[in-house]
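One file, work-v3.cif, carrying mmCIF, C-alpha atoms:
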```
data_structure
#
loop_
_atom_site.label_atom_id
_atom_site.label_comp_id
_atom_site.auth_asym_id
_atom_site.auth_seq_id
_atom_site.Cartn_x
_atom_site.Cartn_y
_atom_site.Cartn_z
CA MET F 187 0.00 0.00 0.00
CA HIS F 188 1.05 3.56 -0.69
CA TYR F 189 -0.65 6.19 1.46
CA THR F 190 -0.11 9.80 0.45
CA GLN F 191 -0.38 12.73 2.84
CA LYS F 192 -3.96 13.21 1.61
CA ASP F 193 -4.80 9.57 2.39
CA ILE F 194 -3.34 9.98 5.89
CA VAL F 195 -5.28 13.19 6.56
CA GLU F 196 -8.53 11.57 5.37
CA MET F 197 -7.95 8.27 7.17
CA ASP F 198 -10.37 7.15 9.90
CA ARG F 199 -9.10 8.77 13.11
CA ILE F 200 -8.58 5.54 15.08
CA GLN F 201 -6.88 3.83 12.14
CA ARG F 202 -4.57 6.82 11.74
CA ILE F 203 -3.67 6.75 15.44
CA LYS F 204 -2.87 3.03 15.22
CA TYR F 205 -0.81 3.37 12.03
CA MET F 206 1.08 6.47 13.10
CA ASN F 207 1.96 4.94 16.46
CA SER F 208 3.48 1.95 14.60
CA VAL F 209 5.49 3.44 11.77
CA SER F 210 8.51 4.62 13.76
CA GLY F 211 9.35 0.95 14.48
CA ILE F 212 9.79 -0.77 17.82
CA LYS F 213 9.45 1.43 20.92
CA PRO F 214 10.81 0.75 24.41
CA ALA F 215 8.42 -0.23 27.22
CA ASN F 216 9.12 1.84 30.33
CA LEU F 217 7.17 2.57 33.50
CA ILE F 218 7.54 6.09 34.86
CA GLY F 219 7.12 6.35 38.63
CA THR F 220 6.29 9.58 40.46
CA ILE F 221 4.95 10.72 43.81
CA SER F 222 2.67 13.65 44.64
CA GLU F 223 3.30 16.22 47.35
CA LYS F 224 0.77 14.33 49.47
CA GLY F 225 2.75 11.11 49.09
CA GLN F 226 0.46 9.44 46.54
CA THR F 227 2.48 7.23 44.19
CA ASN F 228 1.76 7.03 40.47
CA LEU F 229 3.00 4.64 37.78
CA ALA F 230 2.37 4.88 34.04
CA ILE F 231 3.62 3.09 30.94
CA PHE F 232 5.39 5.20 28.31
CA SER F 233 6.66 4.12 24.89
CA SER F 234 8.34 7.43 24.09
CA VAL F 235 11.49 7.39 26.27
CA PHE F 236 14.61 7.99 24.18
CA HIS F 237 18.35 8.52 24.53
CA LEU F 238 19.37 12.14 24.30
CA GLY F 239 22.99 12.12 25.42
CA SER F 240 25.68 10.40 27.45
CA ASP F 241 27.57 13.33 29.01
CA PRO F 242 25.52 14.58 30.75
CA ALA F 243 23.39 11.42 30.84
CA LEU F 244 20.07 12.65 29.46
CA LEU F 245 16.82 10.91 28.53
CA GLY F 246 13.76 12.48 26.94
CA PHE F 247 10.13 11.47 26.66
CA ILE F 248 7.04 12.97 25.04
CA THR F 249 3.84 13.80 26.88
CA ARG F 250 0.70 15.83 26.26
CA PRO F 251 0.01 18.97 28.26
CA THR F 252 -2.14 18.89 31.36
CA GLY F 253 -5.55 20.02 30.17
CA GLU F 254 -8.93 18.37 30.46
CA VAL F 255 -7.27 15.02 31.06
CA PRO F 256 -5.21 14.97 34.26
CA ARG F 257 -1.61 13.94 33.66
CA HIS F 258 -0.50 12.78 37.09
CA THR F 259 2.99 11.79 35.94
CA PHE F 260 3.73 15.21 34.48
CA GLU F 261 2.15 17.14 37.37
CA ASN F 262 4.14 15.18 39.95
CA LEU F 263 7.51 15.42 38.24
CA ILE F 264 7.16 19.13 37.63
CA LYS F 265 6.34 19.68 41.31
CA ASN F 266 9.21 17.75 42.87
CA ASP F 267 11.73 17.51 40.00
CA GLN F 268 12.01 13.73 40.35
CA TYR F 269 10.77 10.64 38.55
CA THR F 270 11.92 7.12 37.86
CA ILE F 271 12.16 5.22 34.57
CA ASN F 272 11.87 1.44 34.93
CA HIS F 273 12.15 -1.16 32.13
CA VAL F 274 9.09 -3.40 31.82
CA PRO F 275 10.11 -7.06 32.17
CA SER F 276 8.31 -9.46 29.80
CA SER F 277 6.67 -11.35 32.69
CA PHE F 278 4.88 -8.13 33.73
CA VAL F 279 3.73 -6.85 30.35
CA LYS F 280 0.01 -7.22 31.05
CA ASN F 281 0.33 -5.52 34.44
CA ALA F 282 2.28 -2.70 32.84
CA HIS F 283 -0.25 -2.24 30.04
CA TYR F 284 -3.07 -1.61 32.52
CA THR F 285 -1.20 1.29 34.15
CA SER F 286 -2.51 3.23 31.12
CA ALA F 287 -6.08 3.09 32.51
CA LYS F 288 -7.32 6.37 33.94
CA LEU F 289 -7.44 5.88 37.72
CA GLU F 290 -8.57 8.38 40.32
CA ARG F 291 -5.92 10.59 41.84
CA ASP F 292 -6.02 8.71 45.17
CA GLN F 293 -5.46 5.32 43.54
CA SER F 294 -1.97 3.99 42.88
CA GLU F 295 -1.16 1.90 39.82
CA PHE F 296 1.54 0.23 41.93
CA GLU F 297 -1.11 -1.44 44.05
CA ILE F 298 -3.80 -1.94 41.43
CA CYS F 299 -1.46 -3.31 38.75
CA GLY F 300 0.63 -5.46 41.08
CA PHE F 301 3.97 -3.64 41.25
CA SER F 302 6.04 -3.02 44.40
CA PRO F 303 7.38 0.48 45.10
CA GLU F 304 11.01 0.62 46.16
CA TYR F 305 13.02 3.63 47.38
CA VAL F 306 16.57 4.94 47.38
CA PRO F 307 17.81 7.17 50.25
CA ASP F 308 17.34 10.92 49.62
CA PHE F 309 15.25 10.28 46.51
CA LYS F 310 11.48 10.72 46.73
CA ALA F 311 10.15 9.10 43.54
CA PRO F 312 9.29 5.39 43.71
CA PHE F 313 11.16 2.75 41.71
CA VAL F 314 9.60 -0.50 40.47
CA LYS F 315 11.06 -3.42 42.42
CA GLU F 316 10.20 -5.94 39.67
CA SER F 317 12.26 -4.07 37.05
CA ALA F 318 15.81 -5.23 36.21
CA LEU F 319 16.93 -1.79 35.01
CA LYS F 320 15.69 1.39 36.67
CA MET F 321 16.78 4.97 36.83
CA GLY F 322 16.21 7.84 39.21
CA MET F 323 15.77 10.96 37.09
CA ARG F 324 16.23 14.65 37.90
CA PHE F 325 13.90 16.82 35.81
CA LYS F 326 15.90 19.35 33.78
CA GLN F 327 13.71 21.01 31.16
CA THR F 328 10.51 20.91 29.15
CA ILE F 329 10.44 21.93 25.50
CA ASP F 330 7.09 22.73 23.90
CA ILE F 331 6.59 21.20 20.46
CA GLU F 332 4.42 23.86 18.89
CA LEU F 333 3.61 21.81 15.79
CA ASN F 334 1.20 19.64 17.77
CA GLY F 335 1.12 20.86 21.36
CA THR F 336 3.12 18.00 22.84
CA ILE F 337 5.89 18.45 25.39
CA LEU F 338 9.40 17.00 25.40
CA VAL F 339 10.46 16.30 29.00
CA ILE F 340 14.22 16.04 29.57
CA GLY F 341 15.83 14.58 32.68
CA GLU F 342 19.30 13.60 33.87
CA ILE F 343 20.08 10.17 35.31
CA GLU F 344 20.98 10.47 39.03
CA HIS F 345 20.69 6.77 39.85
CA LEU F 346 21.17 3.79 37.53
CA ILE F 347 20.21 0.51 39.18
CA ILE F 348 20.83 -2.53 37.06
CA SER F 349 20.97 -6.24 37.77
CA ASN F 350 24.47 -7.67 37.35
CA ALA F 351 23.11 -10.18 34.82
CA ALA F 352 22.22 -7.34 32.49
CA ILE F 353 25.78 -6.29 31.61
CA ASP F 354 27.68 -8.47 29.17
CA ALA F 355 31.40 -8.73 28.50
CA GLU F 356 31.29 -5.85 26.01
CA ASP F 357 29.72 -3.43 28.55
CA ASP F 358 26.47 -3.66 26.63
CA VAL F 359 23.15 -4.02 28.40
CA ASN F 360 21.80 -7.36 27.20
CA LEU F 361 18.10 -6.67 26.78
CA ALA F 362 17.34 -10.33 26.02
CA ASP F 363 18.92 -11.48 29.30
CA ILE F 364 16.80 -9.06 31.33
CA ASN F 365 13.63 -9.99 29.40
CA GLY F 366 13.34 -6.57 27.84
CA VAL F 367 10.17 -5.62 25.98
CA GLY F 368 9.25 -3.48 23.00
CA ILE F 369 5.93 -1.93 21.98
CA SER F 370 4.45 -1.40 18.56
CA GLY F 371 1.46 0.84 18.04
CA LEU F 372 -0.66 1.40 21.11
CA ASN F 373 -0.86 -2.02 22.68
CA THR F 374 1.15 -4.78 21.03
CA TYR F 375 4.15 -6.10 22.95
CA TYR F 376 7.24 -7.87 21.66
CA ASP F 377 10.10 -9.67 23.34
CA LEU F 378 13.65 -9.34 22.07
CA HIS F 379 16.11 -11.88 20.72
CA LYS F 380 19.69 -10.90 20.04
CA ILE F 381 20.69 -11.22 16.39
CA ASP F 382 24.29 -10.07 16.57
CA ARG F 383 26.68 -7.39 17.64
CA TYR F 384 28.91 -5.70 15.07
CA PRO F 385 32.12 -3.74 15.64
CA TYR F 386 32.40 0.03 15.33
CA ALA F 387 31.98 0.64 11.59
CA ARG F 388 35.15 1.92 9.91
CA ALA F 389 35.14 2.81 6.22
CA SER F 390 38.23 0.65 5.66
CA GLU F 391 36.56 -2.43 7.14
CA ILE F 392 33.25 -2.50 5.30
CA PRO F 393 32.52 -6.02 4.02
CA ASN F 394 31.96 -6.42 0.29
CA PHE F 395 28.21 -5.89 0.04
CA LYS F 396 28.28 -4.79 -3.57
CA ASP F 397 28.26 -8.20 -5.19
CA GLY F 398 25.14 -9.33 -3.39
CA LYS F 399 25.09 -9.73 0.35
CA MET O 169 24.90 -2.53 40.58
CA HIS O 170 23.86 0.94 41.70
CA TYR O 171 25.60 3.78 39.86
CA THR O 172 25.09 7.26 41.28
CA GLN O 173 25.39 10.44 39.25
CA LYS O 174 28.98 10.75 40.53
CA ASP O 175 29.77 7.21 39.33
CA ILE O 176 28.33 8.04 35.91
CA VAL O 177 30.29 11.30 35.62
CA GLU O 178 33.52 9.52 36.60
CA MET O 179 32.92 6.45 34.43
CA ASP O 180 35.32 5.65 31.59
CA ARG O 181 34.08 7.64 28.60
CA ILE O 182 33.54 4.68 26.26
CA GLN O 183 31.82 2.64 28.97
CA ARG O 184 29.53 5.60 29.73
CA ILE O 185 28.63 5.97 26.03
CA LYS O 186 27.79 2.26 25.82
CA TYR O 187 25.73 2.23 29.02
CA MET O 188 23.86 5.46 28.34
CA ASN O 189 22.97 4.33 24.82
CA SER O 190 21.44 1.16 26.31
CA VAL O 191 19.43 2.34 29.30
CA SER O 192 16.42 3.77 27.47
CA GLY O 193 15.56 0.23 26.31
CA ILE O 194 15.09 -1.08 22.80
CA LYS O 195 15.46 1.46 19.98
CA PRO O 196 14.10 1.22 16.43
CA ALA O 197 16.48 0.56 13.52
CA ASN O 198 15.81 2.97 10.67
CA LEU O 199 17.76 4.05 7.62
CA ILE O 200 17.44 7.71 6.68
CA GLY O 201 17.86 8.42 2.98
CA THR O 202 18.71 11.84 1.53
CA ILE O 203 20.07 13.36 -1.66
CA SER O 204 22.38 16.33 -2.14
CA GLU O 205 21.78 19.22 -4.53
CA LYS O 206 24.30 17.56 -6.84
CA GLY O 207 22.27 14.35 -6.84
CA GLN O 208 24.56 12.36 -4.53
CA THR O 209 22.50 9.89 -2.44
CA ASN O 210 23.22 9.25 1.23
CA LEU O 211 21.96 6.58 3.61
CA ALA O 212 22.59 6.37 7.35
CA ILE O 213 21.31 4.24 10.21
CA PHE O 214 19.57 6.05 13.07
CA SER O 215 18.27 4.57 16.35
CA SER O 216 16.62 7.79 17.53
CA VAL O 217 13.49 8.02 15.37
CA PHE O 218 10.38 8.41 17.51
CA HIS O 219 6.63 9.00 17.21
CA LEU O 220 5.65 12.59 17.88
CA GLY O 221 2.02 12.73 16.78
CA SER O 222 -0.68 11.29 14.54
CA ASP O 223 -2.54 14.42 13.34
CA PRO O 224 -0.47 15.84 11.78
CA ALA O 225 1.63 12.68 11.32
CA LEU O 226 4.97 13.72 12.81
CA LEU O 227 8.19 11.85 13.54
CA GLY O 228 11.27 13.17 15.31
CA PHE O 229 14.89 12.11 15.44
CA ILE O 230 17.98 13.37 17.22
CA THR O 231 21.19 14.38 15.51
CA ARG O 232 24.35 16.27 16.36
CA PRO O 233 25.08 19.61 14.75
CA THR O 234 27.22 19.90 11.66
CA GLY O 235 30.65 20.83 12.98
CA GLU O 236 34.03 19.20 12.50
CA VAL O 237 32.33 15.96 11.48
CA PRO O 238 30.28 16.32 8.29
CA ARG O 239 26.66 15.27 8.77
CA HIS O 240 25.53 14.54 5.22
CA THR O 241 22.03 13.46 6.27
CA PHE O 242 21.33 16.70 8.12
CA GLU O 243 22.93 18.92 5.48
CA ASN O 244 20.91 17.30 2.69
CA LEU O 245 17.55 17.37 4.43
CA ILE O 246 17.94 21.00 5.46
CA LYS O 247 18.77 21.94 1.87
CA ASN O 248 15.87 20.26 0.10
CA ASP O 249 13.36 19.69 2.92
CA GLN O 250 13.04 16.00 2.14
CA TYR O 251 14.24 12.71 3.56
CA THR O 252 13.05 9.13 3.82
CA ILE O 253 12.80 6.87 6.88
CA ASN O 254 13.06 3.16 6.07
CA HIS O 255 12.74 0.24 8.53
CA VAL O 256 15.78 -2.04 8.58
CA PRO O 257 14.73 -5.64 7.81
CA SER O 258 16.49 -8.32 9.87
CA SER O 259 18.11 -9.86 6.78
CA PHE O 260 19.94 -6.55 6.12
CA VAL O 261 21.09 -5.70 9.64
CA LYS O 262 24.81 -6.03 8.90
CA ASN O 263 24.50 -3.95 5.72
CA ALA O 264 22.58 -1.30 7.66
CA HIS O 265 25.13 -1.21 10.47
CA TYR O 266 27.95 -0.32 8.08
CA THR O 267 26.12 2.77 6.81
CA SER O 268 27.46 4.34 10.04
CA ALA O 269 31.01 4.31 8.66
CA LYS O 270 32.30 7.71 7.60
CA LEU O 271 32.43 7.71 3.81
CA GLU O 272 33.56 10.48 1.51
CA ARG O 273 30.93 12.88 0.25
CA ASP O 274 31.02 11.39 -3.25
CA GLN O 275 30.44 7.84 -2.03
CA SER O 276 26.92 6.49 -1.55
CA GLU O 277 26.08 4.06 1.25
CA PHE O 278 23.38 2.67 -1.03
CA GLU O 279 26.01 1.24 -3.32
CA ILE O 280 28.70 0.40 -0.79
CA CYS O 281 26.33 -1.26 1.71
CA GLY O 282 24.21 -3.11 -0.87
CA PHE O 283 20.90 -1.24 -0.81
CA SER O 284 18.83 -0.23 -3.86
CA PRO O 285 17.54 3.34 -4.14
CA GLU O 286 13.90 3.65 -5.18
CA TYR O 287 11.95 6.80 -6.04
CA VAL O 288 8.40 8.13 -5.88
CA PRO O 289 7.18 10.70 -8.46
CA ASP O 290 7.69 14.34 -7.40
CA PHE O 291 9.77 13.32 -4.38
CA LYS O 292 13.55 13.75 -4.56
CA ALA O 293 14.84 11.76 -1.58
CA PRO O 294 15.68 8.08 -2.18
CA PHE O 295 13.77 5.24 -0.50
CA VAL O 296 15.30 1.85 0.33
CA LYS O 297 13.82 -0.80 -1.94
CA GLU O 298 14.65 -3.63 0.48
CA SER O 299 12.61 -2.08 3.32
CA ALA O 300 9.04 -3.29 4.02
CA LEU O 301 7.96 0.00 5.61
CA LYS O 302 9.22 3.35 4.35
CA MET O 303 8.17 6.93 4.62
CA GLY O 304 8.79 10.05 2.58
CA MET O 305 9.25 12.90 5.05
CA ARG O 306 8.83 16.67 4.67
CA PHE O 307 11.18 18.55 7.01
CA LYS O 308 9.19 20.83 9.33
CA GLN O 309 11.39 22.16 12.12
CA THR O 310 14.60 21.79 14.10
CA ILE O 311 14.68 22.36 17.84
CA ASP O 312 18.04 22.94 19.53
CA ILE O 313 18.52 20.99 22.77
CA GLU O 314 20.72 23.43 24.64
CA LEU O 315 21.49 21.01 27.48
CA ASN O 316 23.87 19.07 25.25
CA GLY O 317 23.98 20.72 21.83
CA THR O 318 21.95 18.07 20.02
CA ILE O 319 19.19 18.85 17.54
CA LEU O 320 15.67 17.44 17.37
CA VAL O 321 14.61 17.18 13.71
CA ILE O 322 10.85 17.03 13.11
CA GLY O 323 9.22 15.98 9.85
CA GLU O 324 5.75 15.17 8.56
CA ILE O 325 4.93 11.95 6.72
CA GLU O 326 4.04 12.68 3.08
CA HIS O 327 4.28 9.10 1.82
CA LEU O 328 3.77 5.88 3.78
CA ILE O 329 4.70 2.81 1.76
CA ILE O 330 4.06 -0.46 3.50
CA SER O 331 3.87 -4.06 2.34
CA ASN O 332 0.36 -5.49 2.62
CA ALA O 333 1.69 -8.30 4.81
CA ALA O 334 2.62 -5.76 7.46
CA ILE O 335 -0.92 -4.80 8.48
CA ASP O 336 -2.83 -7.22 10.64
CA ALA O 337 -6.58 -7.52 11.28
CA GLU O 338 -6.42 -4.95 14.09
CA ASP O 339 -4.83 -2.29 11.86
CA ASP O 340 -1.58 -2.76 13.72
CA VAL O 341 1.73 -2.94 11.92
CA ASN O 342 3.04 -6.41 12.72
CA LEU O 343 6.75 -5.81 13.20
CA ALA O 344 7.47 -9.53 13.54
CA ASP O 345 5.87 -10.28 10.15
CA ILE O 346 8.02 -7.66 8.42
CA ASN O 347 11.17 -8.86 10.22
CA GLY O 348 11.50 -5.64 12.20
CA VAL O 349 14.68 -4.93 14.13
CA GLY O 350 15.62 -3.19 17.35
CA ILE O 351 18.95 -1.79 18.52
CA SER O 352 20.44 -1.68 21.98
CA GLY O 353 23.44 0.45 22.77
CA LEU O 354 25.59 1.34 19.80
CA ASN O 355 25.74 -1.86 17.82
CA THR O 356 23.70 -4.79 19.14
CA TYR O 357 20.71 -5.84 17.07
CA TYR O 358 17.58 -7.72 18.14
CA ASP O 359 14.71 -9.28 16.28
CA LEU O 360 11.18 -9.06 17.57
CA HIS O 361 8.67 -11.72 18.61
CA LYS O 362 5.10 -10.79 19.41
CA ILE O 363 4.10 -11.54 23.00
CA ASP O 364 0.50 -10.34 22.96
CA ARG O 365 -1.85 -7.51 22.22
CA TYR O 366 -4.07 -6.12 24.96
CA PRO O 367 -7.27 -4.07 24.61
CA TYR O 368 -7.49 -0.36 25.37
CA ALA O 369 -7.08 -0.21 29.16
CA ARG O 370 -10.24 0.90 30.98
CA ALA O 371 -10.22 1.35 34.75
CA SER O 372 -13.33 -0.82 35.05
CA GLU O 373 -11.69 -3.73 33.21
CA ILE O 374 -8.37 -4.05 35.03
CA PRO O 375 -7.69 -7.71 35.89
CA ASN O 376 -7.14 -8.54 39.55
CA PHE O 377 -3.38 -8.09 39.85
CA LYS O 378 -3.44 -7.41 43.57
CA ASP O 379 -3.43 -11.01 44.77
CA GLY O 380 -0.30 -11.95 42.87
CA LYS O 381 -0.14 -11.78 39.11
#
```

Would you encode the structure as structure tokens?
Amino acid sequence: MHYTQKDIVEMDRIQRIKYMNSVSGIKPANLIGTISEKGQTNLAIFSSVFHLGSDPALLGFITRPTGEVPRHTFENLIKNDQYTINHVPSSFVKNAHYTSAKLERDQSEFEICGFSPEYVPDFKAPFVKESALKMGMRFKQTIDIELNGTILVIGEIEHLIISNAAIDAEDDVNLADINGVGISGLNTYYDLHKIDRYPYARASEIPNFKDGK
Amino acid sequence: MHYTQKDIVEMDRIQRIKYMNSVSGIKPANLIGTISEKGQTNLAIFSSVFHLGSDPALLGFITRPTGEVPRHTFENLIKNDQYTINHVPSSFVKNAHYTSAKLERDQSEFEICGFSPEYVPDFKAPFVKESALKMGMRFKQTIDIELNGTILVIGEIEHLIISNAAIDAEDDVNLADINGVGISGLNTYYDLHKIDRYPYARASEIPNFKDGK
């Protein structure tokens, strides 16, 4: 199929949302943990976390502004400058999916979706005990994306907590070993199998791909 | 292991780059195709493409500014407002990886890495024939990320070309069926296996996770 811009604009709204949430490729499955000023914990699945830089260690994610729909994650992290990002393990995918339901402000997705909050000294936001790779984030900046009214939230990693099994001999995080998960579209989940690891690509070492692969 | 911010700052530079490129979770593997004003094609692998919105249909990716290191992709797309984003199929992962090598301006990664350029009428930028899902993008905006000098590039989808096999009965793109690929860190590649698809999460339909999963 070939969809032009006109086809996309005229597409059924739900179909367009499904397609457009799929076309970037696989997305990471992360749970963002926050806490309100009253001590109410919140946990929500996000597929938009991305690497922004190593020095300083920055991650970004995309959210919508707080308007008619309350955005507890965003409200909490703006108020106390802290949040956690926790990888979803494949054995908790269904639990993690249901954190996207709209709960009342006094309900915690930790309890209702079967996750255990865990804390680090001098850091308020709750981590997810069941996660093999989790980060305590310090909020740094929001950037408004005027083209569609979304917000890019940028934070710096203050704590990186990672199971020893996750790091392989090459200092890579082995996402297959920690049962890492990807998301496509709004609600389809994938597990990950390592294909291969290739060396840093130097022009002088490119294999001969020209005569067929 | 628990790494604090101090540990991360003091970490060996290469180790920090590897870790920090892994901690966001799985990243999508996309090839960005561009063409220079002189007609020289360019193709480069990016792991930073992300969904920004459905209406209008926007995708973002992160790049570094053009400085000492030439950034042919960025230079080309700024000059003619067009680029393509093409999913890497798992049978071409090694070819795709080597597009990250620094070639001379008059060399094309299409030829050297074994990909075939493909064109759509009235659209200058080259698509990757071997890709099962590819998009023709219209450059919309750059946003400077002052925290680390990176650039967010935003474009709108003008063409979405997708093999019929990729769309399942739920209007989801089935990334397993099109041999989709994820990246962790700088150079480890994963293929994707569907775990499950869950319905839109309503508060009234949350399974009972409280008494154990």

(request) Could you tell me how far atom CA of O:Glu243 lies from atom CA of O:Ser204, in Å and to one decimal? (result) 8.1 Å

(request) Would you kindly translate the PyMOL selection byres ((chain O) within 6 of (chain F)) into the concrete residues it picks from this file, as a PyMOL selection string? (result) chain O and resi 169-173+185+188+190+192-194+196+218-219+222+266+269-270+280-282+326-330+341+355-366+369-371+377-378

Starting from 8 Å padding per side, set up an axis-aligned box that covers all listed atoms of stretch 291-306 of chain O and hand over centre and edge lengths in Å, one decimal, as lines of an AutoDock Vina configuration file.
```
center_x = 11.8
center_y = 6.5
center_z = 0.5
size_x = 23.7
size_y = 36.3
size_z = 26.2
```

(message) Residues within 10 Å of F:Gly219, please, as a count of residues only. Count only C-alpha atoms; anything in the same chain fewer than 3 positions from it doesn't count.
(response) 24

(request) Just give me the gap between atom CA of F:Phe309 and atom CA of F:Val339 in Å, one decimal is fine. (result)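 Going from atom CA of F:Phe309 over to atom CA of F:Val339 covers 19.1 Å.
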
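What separates atom CA of O:Ser284 from atom CA of O:Asp336 is a distance of 27.0 Å.
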
Output file: stretch 203-218 of chain F, N, CA, C and O atoms, as a PDB file, in the first residue's frame:
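To be explicit, this is the file written out as out_9.pdb:
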```
ATOM      1  N   ILE F 203      -4.398   6.820  14.173  1.00  0.00           N
ATOM      2  CA  ILE F 203      -3.665   6.749  15.443  1.00  0.00           C
ATOM      3  C   ILE F 203      -2.887   5.441  15.535  1.00  0.00           C
ATOM      4  O   ILE F 203      -1.712   5.417  15.914  1.00  0.00           O
ATOM      5  N   LYS F 204      -3.541   4.341  15.149  1.00  0.00           N
ATOM      6  CA  LYS F 204      -2.865   3.034  15.218  1.00  0.00           C
ATOM      7  C   LYS F 204      -1.667   2.983  14.266  1.00  0.00           C
ATOM      8  O   LYS F 204      -0.571   2.572  14.652  1.00  0.00           O
ATOM      9  N   TYR F 205      -1.894   3.394  13.012  1.00  0.00           N
ATOM     10  CA  TYR F 205      -0.808   3.368  12.033  1.00  0.00           C
ATOM     11  C   TYR F 205       0.352   4.264  12.483  1.00  0.00           C
ATOM     12  O   TYR F 205       1.506   3.864  12.473  1.00  0.00           O
ATOM     13  N   MET F 206       0.019   5.493  12.835  1.00  0.00           N
ATOM     14  CA  MET F 206       1.085   6.472  13.100  1.00  0.00           C
ATOM     15  C   MET F 206       1.867   6.136  14.370  1.00  0.00           C
ATOM     16  O   MET F 206       3.012   6.514  14.515  1.00  0.00           O
ATOM     17  N   ASN F 207       1.227   5.396  15.284  1.00  0.00           N
ATOM     18  CA  ASN F 207       1.962   4.935  16.459  1.00  0.00           C
ATOM     19  C   ASN F 207       2.840   3.717  16.152  1.00  0.00           C
ATOM     20  O   ASN F 207       3.600   3.293  17.014  1.00  0.00           O
ATOM     21  N   SER F 208       2.699   3.156  14.960  1.00  0.00           N
ATOM     22  CA  SER F 208       3.475   1.954  14.599  1.00  0.00           C
ATOM     23  C   SER F 208       4.655   2.245  13.693  1.00  0.00           C
ATOM     24  O   SER F 208       5.628   1.493  13.683  1.00  0.00           O
ATOM     25  N   VAL F 209       4.563   3.308  12.903  1.00  0.00           N
ATOM     26  CA  VAL F 209       5.486   3.442  11.773  1.00  0.00           C
ATOM     27  C   VAL F 209       6.919   3.822  12.143  1.00  0.00           C
ATOM     28  O   VAL F 209       7.831   3.654  11.327  1.00  0.00           O
ATOM     29  N   SER F 210       7.132   4.302  13.374  1.00  0.00           N
ATOM     30  CA  SER F 210       8.511   4.619  13.760  1.00  0.00           C
ATOM     31  C   SER F 210       9.321   3.363  14.037  1.00  0.00           C
ATOM     32  O   SER F 210      10.540   3.430  14.153  1.00  0.00           O
ATOM     33  N   GLY F 211       8.650   2.191  14.143  1.00  0.00           N
ATOM     34  CA  GLY F 211       9.352   0.951  14.484  1.00  0.00           C
ATOM     35  C   GLY F 211       9.152   0.615  15.946  1.00  0.00           C
ATOM     36  O   GLY F 211       8.266   1.169  16.612  1.00  0.00           O
ATOM     37  N   ILE F 212       9.968  -0.289  16.442  1.00  0.00           N
ATOM     38  CA  ILE F 212       9.794  -0.768  17.824  1.00  0.00           C
ATOM     39  C   ILE F 212      10.086   0.368  18.813  1.00  0.00           C
ATOM     40  O   ILE F 212      10.978   1.188  18.597  1.00  0.00           O
ATOM     41  N   LYS F 213       9.300   0.397  19.889  1.00  0.00           N
ATOM     42  CA  LYS F 213       9.453   1.431  20.920  1.00  0.00           C
ATOM     43  C   LYS F 213       9.731   0.751  22.257  1.00  0.00           C
ATOM     44  O   LYS F 213       9.249  -0.345  22.510  1.00  0.00           O
ATOM     45  N   PRO F 214      10.491   1.390  23.127  1.00  0.00           N
ATOM     46  CA  PRO F 214      10.814   0.753  24.409  1.00  0.00           C
ATOM     47  C   PRO F 214       9.622   0.826  25.366  1.00  0.00           C
ATOM     48  O   PRO F 214       8.845   1.771  25.321  1.00  0.00           O
ATOM     49  N   ALA F 215       9.497  -0.180  26.231  1.00  0.00           N
ATOM     50  CA  ALA F 215       8.418  -0.225  27.221  1.00  0.00           C
ATOM     51  C   ALA F 215       8.997   0.159  28.580  1.00  0.00           C
ATOM     52  O   ALA F 215       9.773  -0.593  29.169  1.00  0.00           O
ATOM     53  N   ASN F 216       8.625   1.352  29.048  1.00  0.00           N
ATOM     54  CA  ASN F 216       9.115   1.836  30.333  1.00  0.00           C
ATOM     55  C   ASN F 216       7.961   2.275  31.219  1.00  0.00           C
ATOM     56  O   ASN F 216       6.957   2.798  30.732  1.00  0.00           O
ATOM     57  N   LEU F 217       8.118   2.065  32.513  1.00  0.00           N
ATOM     58  CA  LEU F 217       7.171   2.568  33.505  1.00  0.00           C
ATOM     59  C   LEU F 217       7.784   3.783  34.178  1.00  0.00           C
ATOM     60  O   LEU F 217       8.915   3.711  34.679  1.00  0.00           O
ATOM     61  N   ILE F 218       7.047   4.887  34.180  1.00  0.00           N
ATOM     62  CA  ILE F 218       7.536   6.088  34.856  1.00  0.00           C
ATOM     63  C   ILE F 218       6.829   6.204  36.197  1.00  0.00           C
ATOM     64  O   ILE F 218       5.594   6.187  36.277  1.00  0.00           O
TER      65      ILE F 218
END
```
